[in-house]
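Note: the block below is data09.cif and it holds mmCIF, C-alpha atoms.
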data_entry
loop_
_atom_site.group_PDB
_atom_site.id
_atom_site.type_symbol
_atom_site.label_atom_id
_atom_site.label_comp_id
_atom_site.auth_asym_id
_atom_site.auth_seq_id
_atom_site.Cartn_x
_atom_site.Cartn_y
_atom_site.Cartn_z
ATOM 1 C CA MET A 3 30.107 6.842 15.213
ATOM 2 C CA GLU A 4 29.260 8.880 12.126
ATOM 3 C CA VAL A 5 28.890 8.564 8.348
ATOM 4 C CA LYS A 6 28.812 11.833 6.445
ATOM 5 C CA ASN A 7 29.767 13.894 3.434
ATOM 6 C CA LYS A 8 29.163 17.561 2.637
ATOM 7 C CA GLU A 9 25.469 16.874 1.931
ATOM 8 C CA TYR A 10 24.428 14.715 4.894
ATOM 9 C CA SER A 11 25.379 13.186 8.220
ATOM 10 C CA VAL A 12 24.181 10.063 10.020
ATOM 11 C CA SER A 13 25.466 9.934 13.587
ATOM 12 C CA TYR A 14 25.004 7.403 16.370
ATOM 13 C CA GLN A 15 25.094 8.377 20.038
ATOM 14 C CA PRO A 16 25.259 5.101 22.018
ATOM 15 C CA GLU A 17 24.677 6.825 25.374
ATOM 16 C CA ASN A 18 21.304 8.134 24.167
ATOM 17 C CA ALA A 19 20.418 5.106 22.011
ATOM 18 C CA LEU A 20 19.905 7.643 19.225
ATOM 19 C CA VAL A 21 20.748 7.816 15.510
ATOM 20 C CA THR A 22 20.290 11.251 13.932
ATOM 21 C CA CYS A 23 20.073 11.779 10.157
ATOM 22 C CA LYS A 24 20.550 15.276 8.750
ATOM 23 C CA GLY A 25 20.764 16.870 5.318
ATOM 24 C CA SER A 26 20.128 15.482 1.861
ATOM 25 C CA LEU A 27 20.591 11.768 1.113
ATOM 26 C CA SER A 28 20.798 11.095 -2.621
ATOM 27 C CA LEU A 29 23.552 8.487 -2.898
ATOM 28 C CA ASN A 30 23.805 6.137 -5.864
ATOM 29 C CA GLY A 31 22.359 2.720 -5.114
ATOM 30 C CA THR A 32 22.870 0.041 -2.488
ATOM 31 C CA ALA A 33 26.678 0.146 -2.570
ATOM 32 C CA GLU A 34 26.956 3.825 -1.658
ATOM 33 C CA TYR A 35 24.381 3.408 1.125
ATOM 34 C CA GLU A 36 26.189 0.437 2.663
ATOM 35 C CA PRO A 37 28.203 2.429 5.278
ATOM 36 C CA MET A 38 25.000 4.070 6.495
ATOM 37 C CA LEU A 39 23.132 0.756 6.671
ATOM 38 C CA ASN A 40 26.056 -0.774 8.590
ATOM 39 C CA LEU A 41 25.983 2.091 11.090
ATOM 40 C CA LEU A 42 22.246 1.573 11.638
ATOM 41 C CA LEU A 43 22.662 -2.193 12.072
ATOM 42 C CA GLN A 44 25.567 -1.736 14.507
ATOM 43 C CA ALA A 45 23.442 0.640 16.573
ATOM 44 C CA ALA A 46 20.644 -1.952 16.629
ATOM 45 C CA ASP A 47 23.157 -4.650 17.657
ATOM 46 C CA GLN A 48 24.431 -2.579 20.557
ATOM 47 C CA GLN A 49 21.087 -1.441 21.932
ATOM 48 C CA MET A 50 19.195 -4.235 23.619
ATOM 49 C CA GLN A 51 15.917 -2.504 24.479
ATOM 50 C CA GLN A 52 15.225 0.659 22.524
ATOM 51 C CA LEU A 53 16.686 2.643 19.637
ATOM 52 C CA THR A 54 15.486 6.002 18.332
ATOM 53 C CA LEU A 55 16.050 7.174 14.778
ATOM 54 C CA ASN A 56 15.545 10.905 14.307
ATOM 55 C CA LEU A 57 14.803 11.863 10.683
ATOM 56 C CA CYS A 58 13.384 15.341 11.392
ATOM 57 C CA GLU A 59 16.342 17.213 9.926
ATOM 58 C CA LEU A 60 16.592 14.999 6.863
ATOM 59 C CA THR A 61 15.673 17.330 3.996
ATOM 60 C CA PHE A 62 15.715 14.876 1.091
ATOM 61 C CA LEU A 63 15.782 11.117 0.543
ATOM 62 C CA ASN A 64 15.965 9.353 -2.829
ATOM 63 C CA SER A 65 14.482 5.927 -3.565
ATOM 64 C CA SER A 66 17.774 4.152 -2.789
ATOM 65 C CA GLY A 67 17.660 5.874 0.603
ATOM 66 C CA ILE A 68 14.074 4.670 1.125
ATOM 67 C CA ASN A 69 15.351 1.203 0.285
ATOM 68 C CA THR A 70 18.091 1.518 2.925
ATOM 69 C CA PHE A 71 15.620 2.417 5.684
ATOM 70 C CA THR A 72 13.228 -0.370 4.670
ATOM 71 C CA LYS A 73 16.100 -2.884 4.742
ATOM 72 C CA PHE A 74 17.054 -1.676 8.211
ATOM 73 C CA VAL A 75 13.500 -1.890 9.557
ATOM 74 C CA ILE A 76 13.048 -5.408 8.162
ATOM 75 C CA GLN A 77 16.316 -6.466 9.840
ATOM 76 C CA VAL A 78 15.203 -4.996 13.173
ATOM 77 C CA ARG A 79 11.809 -6.704 12.787
ATOM 78 C CA LYS A 80 13.621 -10.036 13.094
ATOM 79 C CA ARG A 81 14.987 -9.013 16.510
ATOM 80 C CA GLN A 82 11.836 -9.127 18.520
ATOM 81 C CA ASN A 83 13.305 -7.609 21.694
ATOM 82 C CA LEU A 84 14.376 -4.214 20.289
ATOM 83 C CA GLN A 85 11.780 -1.418 20.295
ATOM 84 C CA LEU A 86 12.489 0.901 17.381
ATOM 85 C CA ARG A 87 11.146 4.452 17.409
ATOM 86 C CA ILE A 88 11.408 6.847 14.457
ATOM 87 C CA LEU A 89 10.870 10.600 14.657
ATOM 88 C CA GLY A 90 9.729 12.832 11.793
ATOM 89 C CA TYR A 91 7.958 16.127 11.282
ATOM 90 C CA GLU A 92 4.194 15.983 10.796
ATOM 91 C CA GLU A 93 4.396 18.981 8.416
ATOM 92 C CA ILE A 94 6.723 17.210 5.968
ATOM 93 C CA ALA A 95 4.519 14.978 3.826
ATOM 94 C CA TRP A 96 7.273 12.685 2.533
ATOM 95 C CA GLN A 97 8.515 12.012 6.067
ATOM 96 C CA VAL A 98 4.975 11.105 7.157
ATOM 97 C CA LYS A 99 4.605 8.742 4.166
ATOM 98 C CA LEU A 100 7.989 7.157 4.779
ATOM 99 C CA LEU A 101 7.294 6.515 8.446
ATOM 100 C CA ARG A 102 3.842 5.049 7.718
ATOM 101 C CA ASN A 103 5.309 2.789 5.030
ATOM 102 C CA LEU A 104 7.971 1.614 7.475
ATOM 103 C CA GLN A 105 5.271 0.917 10.053
ATOM 104 C CA ARG A 106 3.411 -1.225 7.493
ATOM 105 C CA LEU A 107 6.554 -3.316 7.233
ATOM 106 C CA MET A 108 7.002 -3.433 11.015
ATOM 107 C CA PRO A 109 3.713 -2.956 12.899
ATOM 108 C CA THR A 110 5.513 -2.706 16.274
ATOM 109 C CA LEU A 111 7.507 0.301 15.027
ATOM 110 C CA GLU A 112 6.731 3.353 17.112
ATOM 111 C CA ILE A 113 6.431 6.429 14.901
ATOM 112 C CA ASP A 114 6.484 9.844 16.424
ATOM 113 C CA LEU A 115 5.287 12.684 14.189
ATOM 114 C CA ILE A 116 6.071 15.912 15.936
ATOM 115 C CA SER A 117 5.342 19.510 15.057
ATOM 116 C CA ARG A 118 8.205 21.560 13.645
ATOM 117 C CA THR A 119 7.577 24.108 16.365
ATOM 118 C CA THR A 120 8.131 21.493 19.069
ATOM 119 C CA SER A 121 11.582 21.345 20.598
ATOM 120 C CA ILE A 122 12.913 17.823 20.748
ATOM 121 C CA GLY A 123 16.020 18.689 22.760
ATOM 122 C CA MET B 5 6.457 2.932 -31.724
ATOM 123 C CA LYS B 6 4.854 1.659 -28.542
ATOM 124 C CA ILE B 7 3.003 3.655 -25.890
ATOM 125 C CA LEU B 8 2.300 2.386 -22.368
ATOM 126 C CA GLY B 9 0.493 3.923 -19.401
ATOM 127 C CA ASN B 10 -0.668 7.513 -19.155
ATOM 128 C CA PHE B 11 1.257 9.136 -22.019
ATOM 129 C CA ILE B 12 0.324 12.532 -23.492
ATOM 130 C CA SER B 13 1.598 12.621 -27.066
ATOM 131 C CA ASP B 14 0.994 16.291 -27.829
ATOM 132 C CA ILE B 15 2.100 18.547 -25.015
ATOM 133 C CA PRO B 16 0.986 22.127 -25.727
ATOM 134 C CA THR B 17 4.094 24.179 -26.474
ATOM 135 C CA GLN B 18 2.589 27.494 -25.402
ATOM 136 C CA THR B 19 3.483 26.993 -21.796
ATOM 137 C CA GLU B 20 6.280 27.519 -19.308
ATOM 138 C CA TYR B 21 8.940 24.888 -19.575
ATOM 139 C CA LEU B 22 12.521 24.110 -18.690
ATOM 140 C CA GLN B 23 14.788 21.666 -20.457
ATOM 141 C CA ILE B 24 18.100 20.233 -19.307
ATOM 142 C CA GLY B 25 20.243 18.155 -21.648
ATOM 143 C CA PHE B 26 23.433 16.181 -21.317
ATOM 144 C CA SER B 27 25.487 13.603 -23.115
ATOM 145 C CA PRO B 28 25.545 10.373 -21.057
ATOM 146 C CA SER B 29 29.184 9.608 -21.851
ATOM 147 C CA SER B 30 30.841 13.041 -21.550
ATOM 148 C CA ILE B 31 31.885 12.780 -17.888
ATOM 149 C CA PRO B 32 32.017 9.830 -15.436
ATOM 150 C CA LEU B 33 28.757 8.880 -13.706
ATOM 151 C CA LYS B 34 30.122 9.521 -10.217
ATOM 152 C CA GLN B 35 30.981 13.092 -11.151
ATOM 153 C CA ARG B 36 27.718 13.717 -13.006
ATOM 154 C CA TRP B 37 25.653 12.264 -10.150
ATOM 155 C CA GLN B 38 26.208 15.467 -8.168
ATOM 156 C CA THR B 39 24.262 17.429 -10.771
ATOM 157 C CA ASN B 40 21.056 15.471 -10.057
ATOM 158 C CA GLY B 41 20.356 17.270 -6.804
ATOM 159 C CA LEU B 42 21.345 20.630 -8.283
ATOM 160 C CA SER B 43 19.030 20.179 -11.275
ATOM 161 C CA ALA B 44 16.165 18.866 -9.112
ATOM 162 C CA ASP B 45 16.560 21.825 -6.729
ATOM 163 C CA PHE B 46 16.614 24.221 -9.666
ATOM 164 C CA ILE B 47 13.417 22.772 -11.155
ATOM 165 C CA SER B 48 11.508 22.853 -7.850
ATOM 166 C CA GLU B 49 12.719 26.373 -7.018
ATOM 167 C CA TYR B 50 11.810 27.542 -10.522
ATOM 168 C CA LEU B 51 8.285 26.260 -9.957
ATOM 169 C CA GLU B 52 8.106 28.163 -6.689
ATOM 170 C CA VAL B 53 9.218 31.463 -8.248
ATOM 171 C CA PHE B 54 6.856 31.088 -11.187
ATOM 172 C CA SER B 55 3.937 30.300 -8.897
ATOM 173 C CA VAL B 56 4.611 33.381 -6.805
ATOM 174 C CA GLY B 57 4.607 35.401 -10.053
ATOM 175 C CA GLN B 58 1.323 33.818 -11.063
ATOM 176 C CA GLN B 59 -0.138 34.749 -7.710
ATOM 177 C CA VAL B 60 0.696 38.420 -8.310
ATOM 178 C CA VAL B 61 -0.600 38.420 -11.891
ATOM 179 C CA GLN B 62 -3.860 36.687 -11.094
ATOM 180 C CA GLY B 63 -4.390 38.274 -7.686
ATOM 181 C CA GLU B 64 -5.252 34.895 -6.258
ATOM 182 C CA THR B 65 -4.133 33.329 -3.026
ATOM 183 C CA PHE B 66 -2.486 30.439 -4.812
ATOM 184 C CA VAL B 67 0.782 29.650 -3.119
ATOM 185 C CA ILE B 68 2.689 26.585 -4.097
ATOM 186 C CA SER B 69 2.980 24.364 -1.078
ATOM 187 C CA SER B 70 6.221 22.906 0.165
ATOM 188 C CA GLN B 71 4.557 19.523 -0.343
ATOM 189 C CA ILE B 72 4.375 20.128 -4.104
ATOM 190 C CA ASN B 73 7.937 21.433 -4.156
ATOM 191 C CA ASP B 74 9.114 18.292 -2.376
ATOM 192 C CA ALA B 75 7.183 16.126 -4.851
ATOM 193 C CA VAL B 76 8.656 17.966 -7.853
ATOM 194 C CA LYS B 77 12.166 17.677 -6.445
ATOM 195 C CA TYR B 78 11.748 13.967 -5.709
ATOM 196 C CA VAL B 79 10.365 13.121 -9.168
ATOM 197 C CA ALA B 80 12.961 15.252 -10.987
ATOM 198 C CA ASN B 81 15.798 13.637 -9.021
ATOM 199 C CA GLU B 82 14.521 10.081 -9.604
ATOM 200 C CA LEU B 83 14.084 10.682 -13.332
ATOM 201 C CA LEU B 84 17.576 12.165 -13.606
ATOM 202 C CA GLU B 85 19.048 9.247 -11.637
ATOM 203 C CA ASN B 86 17.297 6.750 -13.920
ATOM 204 C CA ALA B 87 18.438 8.590 -17.043
ATOM 205 C CA MET B 88 22.035 8.516 -15.798
ATOM 206 C CA LYS B 89 21.950 4.891 -14.697
ATOM 207 C CA PHE B 90 20.255 3.465 -17.750
ATOM 208 C CA SER B 91 21.209 5.695 -20.717
ATOM 209 C CA ALA B 92 23.397 3.827 -23.191
ATOM 210 C CA THR B 93 26.842 5.373 -22.791
ATOM 211 C CA ASP B 94 27.956 4.281 -26.254
ATOM 212 C CA SER B 95 25.103 6.152 -27.914
ATOM 213 C CA ASP B 96 25.625 9.762 -28.963
ATOM 214 C CA TYR B 97 21.912 10.451 -28.472
ATOM 215 C CA PRO B 98 21.548 13.230 -25.871
ATOM 216 C CA THR B 99 19.499 12.717 -22.712
ATOM 217 C CA ARG B 100 16.948 15.477 -22.128
ATOM 218 C CA ILE B 101 14.683 16.179 -19.191
ATOM 219 C CA SER B 102 11.894 18.722 -19.709
ATOM 220 C CA PHE B 103 9.583 20.150 -17.126
ATOM 221 C CA PHE B 104 6.265 21.699 -18.228
ATOM 222 C CA LEU B 105 4.111 23.834 -15.974
ATOM 223 C CA PHE B 106 0.345 23.940 -16.473
ATOM 224 C CA ASP B 107 -2.443 25.427 -14.332
ATOM 225 C CA GLN B 108 -3.425 22.118 -12.761
ATOM 226 C CA GLN B 109 -0.382 19.939 -13.153
ATOM 227 C CA VAL B 110 3.314 19.689 -13.846
ATOM 228 C CA VAL B 111 4.579 17.273 -16.457
ATOM 229 C CA PHE B 112 8.061 15.775 -16.660
ATOM 230 C CA HIS B 113 9.331 14.396 -19.919
ATOM 231 C CA VAL B 114 12.618 12.486 -20.137
ATOM 232 C CA VAL B 115 14.033 11.229 -23.428
ATOM 233 C CA ASN B 116 17.052 8.950 -23.518
ATOM 234 C CA ALA B 117 18.614 6.143 -25.540
ATOM 235 C CA VAL B 118 18.912 2.740 -23.895
ATOM 236 C CA THR B 119 20.122 -0.644 -25.129
ATOM 237 C CA ARG B 120 17.512 -3.067 -26.455
ATOM 238 C CA SER B 121 18.102 -5.267 -23.433
ATOM 239 C CA SER B 122 17.451 -2.356 -21.010
ATOM 240 C CA ALA B 123 14.322 -1.447 -22.983
ATOM 241 C CA ASP B 124 13.040 -5.042 -22.677
ATOM 242 C CA ASN B 125 13.656 -5.034 -18.908
ATOM 243 C CA LEU B 126 11.915 -1.674 -18.552
ATOM 244 C CA GLU B 127 8.913 -2.919 -20.520
ATOM 245 C CA ILE B 128 8.540 -5.947 -18.239
ATOM 246 C CA LEU B 129 8.730 -3.651 -15.197
ATOM 247 C CA ILE B 130 6.097 -1.307 -16.697
ATOM 248 C CA HIS B 131 3.680 -4.163 -17.414
ATOM 249 C CA THR B 132 4.081 -5.404 -13.826
ATOM 250 C CA LEU B 133 3.395 -1.880 -12.577
ATOM 251 C CA LEU B 134 0.332 -1.345 -14.791
ATOM 252 C CA GLU B 135 -1.238 -4.743 -14.165
ATOM 253 C CA ASN B 136 -0.960 -4.875 -10.371
ATOM 254 C CA ASP B 137 -1.911 -2.828 -7.333
ATOM 255 C CA PRO B 138 1.045 -0.408 -6.987
ATOM 256 C CA HIS B 139 0.719 -0.180 -3.188
ATOM 257 C CA GLU B 140 0.934 -3.970 -2.837
ATOM 258 C CA LEU B 141 3.858 -4.036 -5.289
ATOM 259 C CA TYR B 142 5.634 -1.282 -3.347
ATOM 260 C CA LEU B 143 5.576 -3.220 -0.069
ATOM 261 C CA ALA B 144 6.365 -6.517 -1.812
ATOM 262 C CA LYS B 145 9.381 -4.913 -3.510
ATOM 263 C CA MET B 146 10.601 -3.536 -0.169
ATOM 264 C CA GLU B 147 10.341 -7.005 1.365
ATOM 265 C CA ALA B 148 12.122 -8.624 -1.600
ATOM 266 C CA ASN B 149 14.925 -6.017 -1.563
ATOM 267 C CA ALA B 150 15.632 -6.746 2.112
ATOM 268 C CA GLU B 151 16.932 -10.167 1.091
ATOM 269 C CA GLU B 152 19.127 -8.822 -1.716
ATOM 270 C CA SER B 153 22.526 -7.237 -1.320
ATOM 271 C CA GLY B 154 23.058 -5.353 -4.561
ATOM 272 C CA GLY B 155 21.613 -3.796 -7.657
ATOM 273 C CA HIS B 156 18.941 -1.171 -8.046
ATOM 274 C CA SER B 157 16.104 -0.788 -5.562
ATOM 275 C CA GLY B 158 13.360 -0.662 -8.220
ATOM 276 C CA LEU B 159 11.376 1.603 -5.890
ATOM 277 C CA GLY B 160 11.611 4.837 -7.914
ATOM 278 C CA PHE B 161 8.506 4.568 -10.134
ATOM 279 C CA LEU B 162 6.525 2.836 -7.362
ATOM 280 C CA SER B 163 7.270 5.612 -4.870
ATOM 281 C CA MET B 164 6.213 8.257 -7.422
ATOM 282 C CA VAL B 165 2.851 6.509 -7.841
ATOM 283 C CA CYS B 166 2.266 5.510 -4.196
ATOM 284 C CA ASP B 167 3.763 8.445 -2.302
ATOM 285 C CA TYR B 168 3.077 11.292 -4.751
ATOM 286 C CA SER B 169 0.021 10.063 -6.741
ATOM 287 C CA ALA B 170 1.977 10.544 -9.974
ATOM 288 C CA LYS B 171 0.665 9.271 -13.315
ATOM 289 C CA LEU B 172 3.293 7.563 -15.446
ATOM 290 C CA GLY B 173 3.553 6.880 -19.169
ATOM 291 C CA TRP B 174 6.192 5.721 -21.620
ATOM 292 C CA LYS B 175 6.936 5.763 -25.337
ATOM 293 C CA PHE B 176 9.389 3.370 -27.000
ATOM 294 C CA GLU B 177 10.789 4.202 -30.456
ATOM 295 C CA THR B 178 13.611 2.953 -32.634
ATOM 296 C CA LEU B 179 15.446 5.345 -34.952
ATOM 297 C CA ALA B 180 16.327 2.599 -37.451
ATOM 298 C CA PRO B 181 15.427 -1.112 -37.656
ATOM 299 C CA ASP B 182 19.040 -2.184 -37.119
ATOM 300 C CA SER B 183 19.841 0.346 -34.375
ATOM 301 C CA PRO B 184 21.158 -1.234 -31.150
ATOM 302 C CA PHE B 185 19.352 1.465 -29.183
ATOM 303 C CA VAL B 186 15.756 2.246 -28.256
ATOM 304 C CA ILE B 187 14.669 5.832 -27.579
ATOM 305 C CA VAL B 188 12.550 5.840 -24.407
ATOM 306 C CA THR B 189 10.402 8.791 -23.379
ATOM 307 C CA THR B 190 9.197 8.676 -19.785
ATOM 308 C CA MET B 191 6.359 10.988 -18.767
ATOM 309 C CA VAL B 192 5.332 11.784 -15.206
ATOM 310 C CA CYS B 193 2.293 13.959 -14.416
ATOM 311 C CA LEU B 194 1.779 15.466 -10.958
ATOM 312 C CA ASP B 195 -1.391 17.321 -9.970
ATOM 313 C CA ILE B 196 -0.715 20.624 -8.248
ATOM 314 C CA THR B 197 -4.264 21.510 -7.248
#

Please express what this file holds, its structure, as structure tokens.
Amino acid sequence: MEVKNKEYSVSYQPENALVTCKGSLSLNGTAEYEPMLNLLLQAADQQMQQLTLNLCELTFLNSSGINTFTKFVIQVRKRQNLQLRILGYEEIAWQVKLLRNLQRLMPTLEIDLISRTTSIG
Amino acid sequence: MKILGNFISDIPTQTEYLQIGFSPSSIPLKQRWQTNGLSADFISEYLEVFSVGQQVVQGETFVISSQINDAVKYVANELLENAMKFSATDSDYPTRISFFLFDQQVVFHVVNAVTRSSADNLEILIHTLLENDPHELYLAKMEANAEESGGHSGLGFLSMVCDYSAKLGWKFETLAPDSPFVIVTTMVCLDIT
């Protein structure tokens, strides 16, 4: 399952319980982000135990995109059985801030800040 | 005229600056939206090139960090998005975004015409921002947005303040007493030290 245009892609691999976001997300408002939010929520519906969201290769995110991720995390927070893990690069300041803000909203969120030199496979 | 927040009225003109202008009604929003990222990239890459030049001239080890570039790109993009979303399309007043580069900070300056109703809404938002803890507001806004299905996120200014330590200011002016439009100047200062 994938949502993309020439600037970005958000793809869900059910077999790995993994959603990967790549590229630059600067869509206009809630309406344009709806397909991406739906993909995230469907992934969370299908995975009963754990879901990983990899944001490492996301190069840009506007405030409407921040809003989309916060909406998703707050929805997952209501489902107490699903462990959500989000990956970002420790060298990219905005990714670190985003992940910490998301963790404030959902204290059980596992955030994994990895070095850019580390291979994540 | 009304000034709110951290607004610098007299920006020195003997400095490096870029200015981008457009007419809000000349092409559809969906088409123009694509230029936001291009303009924001251009501004942040311009800063990078200029800083490298400064390094050579001054012989210092000052290298603009990718963190500052990311901050400049984010702020430029948010300001352009706001200008496109909220500029009054039936006004022929051009929207202009200017970017000034100083030794210690970069300053963004956006001028656009909005309806009186938009100006009133913006003023309420600014007062809320100035009179409360922005970090608490940021999280509260995220929580409130989770229960809403449409509209604007309202996170743009808050993220500039909370995530990038930006200082924000605004000026409201009317060109004539009976004009249906208000000219809003938004100023964002980012430290680059």

Once 8 Å is added on each side, what are the centre and the three edge lengths, in Å to one decimal, of the axis-aligned box enclosing the listed atoms of segment 75-90 of chain A? Present them as lines of an AutoDock Vina configuration file.
center_x = 13.0
center_y = 1.4
center_z = 14.9
size_x = 22.6
size_y = 38.9
size_z = 29.5

- request: Excluding segment 35-47 of chain A and any residue of its chain fewer than 2 positions from it, enumerate the residues within 8 Å of it, using only C-alpha atoms, and give them as a list of chain:residue names.
  value: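 Within the cut-off, the hits are A:Met3, A:Glu4, A:Val5, A:Val12, A:Tyr14, A:Pro16, A:Ala19, A:Val21, A:Leu29, A:Asn30, A:Gly31, A:Thr32, A:Ala33, A:Gln49, A:Met50, A:Leu53, A:Ser66, A:Gly67, A:Thr70, A:Phe71, A:Phe74, A:Gln77, A:Val78, A:Leu84.
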
Would you list which chain B residues are within 10 Å of chain A using only C-alpha atoms, as a compact mmCIF listing (two decimals) with C-alpha atoms, keeping the file's coordinate frame?
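So part-v5.txt came out as:
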# COMPACT_ATOMS: atom_id res chain seq x y z
CA LEU B 33 28.76 8.88 -13.71
CA LYS B 34 30.12 9.52 -10.22
CA TRP B 37 25.65 12.26 -10.15
CA GLN B 38 26.21 15.47 -8.17
CA ASN B 40 21.06 15.47 -10.06
CA GLY B 41 20.36 17.27 -6.80
CA SER B 70 6.22 22.91 0.16
CA GLN B 71 4.56 19.52 -0.34
CA ILE B 72 4.38 20.13 -4.10
CA ASP B 74 9.11 18.29 -2.38
CA ALA B 75 7.18 16.13 -4.85
CA LYS B 77 12.17 17.68 -6.44
CA TYR B 78 11.75 13.97 -5.71
CA VAL B 79 10.36 13.12 -9.17
CA ASN B 81 15.80 13.64 -9.02
CA GLU B 82 14.52 10.08 -9.60
CA GLU B 85 19.05 9.25 -11.64
CA LYS B 89 21.95 4.89 -14.70
CA HIS B 139 0.72 -0.18 -3.19
CA TYR B 142 5.63 -1.28 -3.35
CA LEU B 143 5.58 -3.22 -0.07
CA ALA B 144 6.36 -6.52 -1.81
CA LYS B 145 9.38 -4.91 -3.51
CA MET B 146 10.60 -3.54 -0.17
CA GLU B 147 10.34 -7.00 1.36
CA ALA B 148 12.12 -8.62 -1.60
CA ASN B 149 14.92 -6.02 -1.56
CA ALA B 150 15.63 -6.75 2.11
CA GLU B 151 16.93 -10.17 1.09
CA GLU B 152 19.13 -8.82 -1.72
CA SER B 153 22.53 -7.24 -1.32
CA GLY B 154 23.06 -5.35 -4.56
CA GLY B 155 21.61 -3.80 -7.66
CA HIS B 156 18.94 -1.17 -8.05
CA SER B 157 16.10 -0.79 -5.56
CA GLY B 158 13.36 -0.66 -8.22
CA LEU B 159 11.38 1.60 -5.89
CA GLY B 160 11.61 4.84 -7.91
CA PHE B 161 8.51 4.57 -10.13
CA LEU B 162 6.52 2.84 -7.36
CA SER B 163 7.27 5.61 -4.87
CA MET B 164 6.21 8.26 -7.42
CA CYS B 166 2.27 5.51 -4.20
CA ASP B 167 3.76 8.44 -2.30
CA TYR B 168 3.08 11.29 -4.75

message: At a cut-off of 6 Å around the point (28.7, 6.7, -21.2) (file coordinates), what residues fall inside when counting all atoms listed in the file? I'd like the answer as a list of chain:residue names.
response: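 Counting all atoms listed in the file, I find these residues within 6 Å of (28.7, 6.7, -21.2): B:Pro28, B:Ser29, B:Thr93, B:Asp94.
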
field: Separation of atom CA of Phe26 of chain B from atom CA of Asp96 of chain B, in Å and rounded to one decimal
entry: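 For atom CA of Phe26 of chain B relative to atom CA of Asp96 of chain B, the distance reads 10.2 Å.
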
task: For Ala180 of chain B, please output as a PyMOL selection string all residues within 12 Å (counting all atoms listed in the file; exclusion window: fewer than 6 positions along the same chain).
output: chain B and resi 5+186-187

Write out the residues from the selection above, keeping C-alpha atoms, as a tab-separated table (two decimals), in the coordinates of the input.
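result04.tsv, written as the output of this step:
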chain	number	residue	atom	x	y	z
B	5	MET	CA	6.46	2.93	-31.72
B	186	VAL	CA	15.76	2.25	-28.26
B	187	ILE	CA	14.67	5.83	-27.58

Identify the residues within 12 Å of coordinate (27.3, 4.1, -24.3) (same frame as the file), considering all atoms listed in the file, and give the answer as a PDB file with C-alpha atoms, in the coordinates of the input.
ATOM      1  CA  SER B  27      25.487  13.603 -23.115  1.00  0.00           C
ATOM      2  CA  PRO B  28      25.545  10.373 -21.057  1.00  0.00           C
ATOM      3  CA  SER B  29      29.184   9.608 -21.851  1.00  0.00           C
ATOM      4  CA  SER B  30      30.841  13.041 -21.550  1.00  0.00           C
ATOM      5  CA  ILE B  31      31.885  12.780 -17.888  1.00  0.00           C
ATOM      6  CA  PRO B  32      32.017   9.830 -15.436  1.00  0.00           C
ATOM      7  CA  LEU B  33      28.757   8.880 -13.706  1.00  0.00           C
ATOM      8  CA  MET B  88      22.035   8.516 -15.798  1.00  0.00           C
ATOM      9  CA  LYS B  89      21.950   4.891 -14.697  1.00  0.00           C
ATOM     10  CA  PHE B  90      20.255   3.465 -17.750  1.00  0.00           C
ATOM     11  CA  SER B  91      21.209   5.695 -20.717  1.00  0.00           C
ATOM     12  CA  ALA B  92      23.397   3.827 -23.191  1.00  0.00           C
ATOM     13  CA  THR B  93      26.842   5.373 -22.791  1.00  0.00           C
ATOM     14  CA  ASP B  94      27.956   4.281 -26.254  1.00  0.00           C
ATOM     15  CA  SER B  95      25.103   6.152 -27.914  1.00  0.00           C
ATOM     16  CA  ASP B  96      25.625   9.762 -28.963  1.00  0.00           C
ATOM     17  CA  TYR B  97      21.912  10.451 -28.472  1.00  0.00           C
ATOM     18  CA  PRO B  98      21.548  13.230 -25.871  1.00  0.00           C
ATOM     19  CA  THR B  99      19.499  12.717 -22.712  1.00  0.00           C
ATOM     20  CA  ASN B 116      17.052   8.950 -23.518  1.00  0.00           C
ATOM     21  CA  ALA B 117      18.614   6.143 -25.540  1.00  0.00           C
ATOM     22  CA  VAL B 118      18.912   2.740 -23.895  1.00  0.00           C
ATOM     23  CA  THR B 119      20.122  -0.644 -25.129  1.00  0.00           C
ATOM     24  CA  PRO B 184      21.158  -1.234 -31.150  1.00  0.00           C
ATOM     25  CA  PHE B 185      19.352   1.465 -29.183  1.00  0.00           C
TER      26      PHE B 185
END

query: Could you work out how far atom CA of Glu92 of chain A lies from atom CA of Arg118 of chain A, giving the answer in Å with one decimal?
result: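 Atom CA of Arg118 of chain A sits 7.4 Å away from atom CA of Glu92 of chain A.
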
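Minimum atom-to-atom distances from B:Leu133, B:Leu22, B:Ile15, B:Ile101 to His113 of chain B were compared using all atoms listed in the file, and the lowest value belongs to B:Ile101.
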
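The gap separating atom CA of Leu115 of chain A from atom CA of Gln82 of chain A is 23.2 Å, in Å to one decimal.
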
Near-Thr132 of chain B list (12 Å; all atoms listed in the file; drop same-chain fewer than 2 positions) as an MDAnalysis selection string: chainID B and resid 8:9 125:130 134:138 140:142 145 158 161:162

task: Could you tell me which residues the PyMOL selection byres ((chain B and resi 197) around 9) returns for this structure, as a VMD selection string?
output: chain B and resid 107 to 109 195 to 196

Closest of A:Gln15, A:Thr110, A:Thr22, A:Gln105 to Gln48 of chain A - atom-to-atom distances counting all atoms listed in the file: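 Closest to Gln48 of chain A of all the choices is A:Gln15.
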
message: Given the PyMOL selection byres ((chain B and resi 173) around 6) and the file above, list the residues it selects as a VMD selection string.
response: chain B and resid 8 to 11 172 174 190 to 191

message: Using the chain letters and numbers from this file, what does the PyMOL selection byres ((chain A and resi 114) around 8) select? Give the answer as a PyMOL selection string.
response: chain A and resi 87-90+112-113+115-116

task: Would you mind telling me which residue in B:Ile47, B:Asp14, B:Glu52, B:Leu42 lies nearest to Phe103 of chain B when using only C-alpha atoms?
output: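 Closest candidate: B:Ile47.
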